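Notes follow once the structure below has been shown.
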Amino acid sequence: MPSGLAALLDDVAGIAKLAAASIDDVGAAAGKASAKAAGVVVDDTAVTPRYVTGLSPARELPIIWKIALGSVRNKLLILLPAALVLSAFAPWAITPLLMCGGAYLCFEGAEKLMEAFGGGHHEATEEVVDDPAALEAAKVSGAIRTDLILSAEIMAIALADVADSPILTQGIVLALVGLGITAGVYGVVGLIVKMDDIGLHLARGQSAGLRGLGRGLVKGMPMVMDFISSVGTAAMLWVGGGILVHGAHELGFAWPDETIHHASVAAGAAVAFAGPVVSWLVTAVGSAIVGIAIGAVLAVVVHQVGKLRRKPAGAAH
């Protein structure tokens, strides 16, 4: 009996070790997938604060909470089941769909570059709404629709990274990625939109040091937002370009990926004291160049199609 009990305890210990290893694998996969989605995450963080612009400061955090809940529903109730069905029944479609998302990121990044250099602009027209509740509902609805697109990119990137794992592992990883990124993005967004209020509160304080810090926060937030937007644009281009390069390699068009890889290895070897950093920078720059080129072509095509669509309407008048 004692030997049987010892054997049972050994089995239990083995199962526990296996479970712990599985948890570690899931955690590592979730972390890796989240890191690969960095470009979309930064863009999501840069985009969301605009949805509370012009609204009462008292409603800023409740609105962000509503958007965050909508983001969770997007990821867990819509995109997660769709991703698992896709993985189970049409895994061949993951790479093409991911490349479509990468092309969209390149397009958005290229458009932002064109705006920054005066080569184009989004024609943003907002309808004037007198009812604050209706305006808030419209802002939340628009933010959740935009989040659905960005969340689809995040989940597609995560799915591609765990496509060879068991379906249960895929589901857990996607859920962890979705929840973790949502908490991170909207936590940072909440901090960003309230930073002005924090600065104003500190600026009215008794301590001269805190008053200076408060004034610095109020003056510095526009620069912080510009910096986040710039990083978001760069991240979209290198992540989108990287997705297209790797996807093309998987589909048999290998030379862009191999060229960037060889260049990064050579650059890293040439600068031994900072090899990994230099190698990563070369890979990011190479991917961004691809992203700019493809995104610029897509942006020109989209703008030309838009002009052609507007011409008949103008001619009718």
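Labels used: A, B, ... for chains in the order of the structure tokens, numbers from 1 for residues in each chain, and numbers from 1 for ligands as shown.
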Nearby residues (only C-alpha atoms) at most 8 Å from A:Thr95, same-chain spacing under 5 positions excluded, as a count of residues only: 3
Closest-contact table, stretch 248-297 of chain A side, partner stretch 231-236 of chain A, 10 Å, counting only C-alpha atoms, as a Markdown table:
| residue | atom | partner | partner_atom | distance |
| --- | --- | --- | --- | --- |
| A:Ala284 | CA | A:Ala235 | CA | 8.8 |
| A:Val285 | CA | A:Ala234 | CA | 9.4 |
| A:Ala288 | CA | A:Ala234 | CA | 7.4 |
| A:Gly291 | CA | A:Met236 | CA | 8.2 |
| A:Ile292 | CA | A:Ala234 | CA | 9.7 |
Top pick for closest residue to A:Val302, considering A:Lys66, A:Arg73, A:Phe107, A:Leu98 and counting only C-alpha atoms: A:Phe107
Counting only C-alpha atoms, the option among A:Val282, A:Val224, A:Met99, A:Ala133 closest to A:Val193: A:Val224
A:Gly70 surroundings by only C-alpha atoms, 9 Å radius, close-in-sequence under 4 positions cut, as a ChimeraX atom specification: /A:65-66,74-75,140-141,143-145,147-148
Polymer residues at most 8 Å from A:Arg215, only C-alpha atoms, same-chain spacing of 2 or more positions, as a list in words: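 Result of the neighbour search: Gly199, Leu200, Leu202, Ala203, Arg211, Gly212, Leu213, Leu217, Val218 and Lys219 of chain A.
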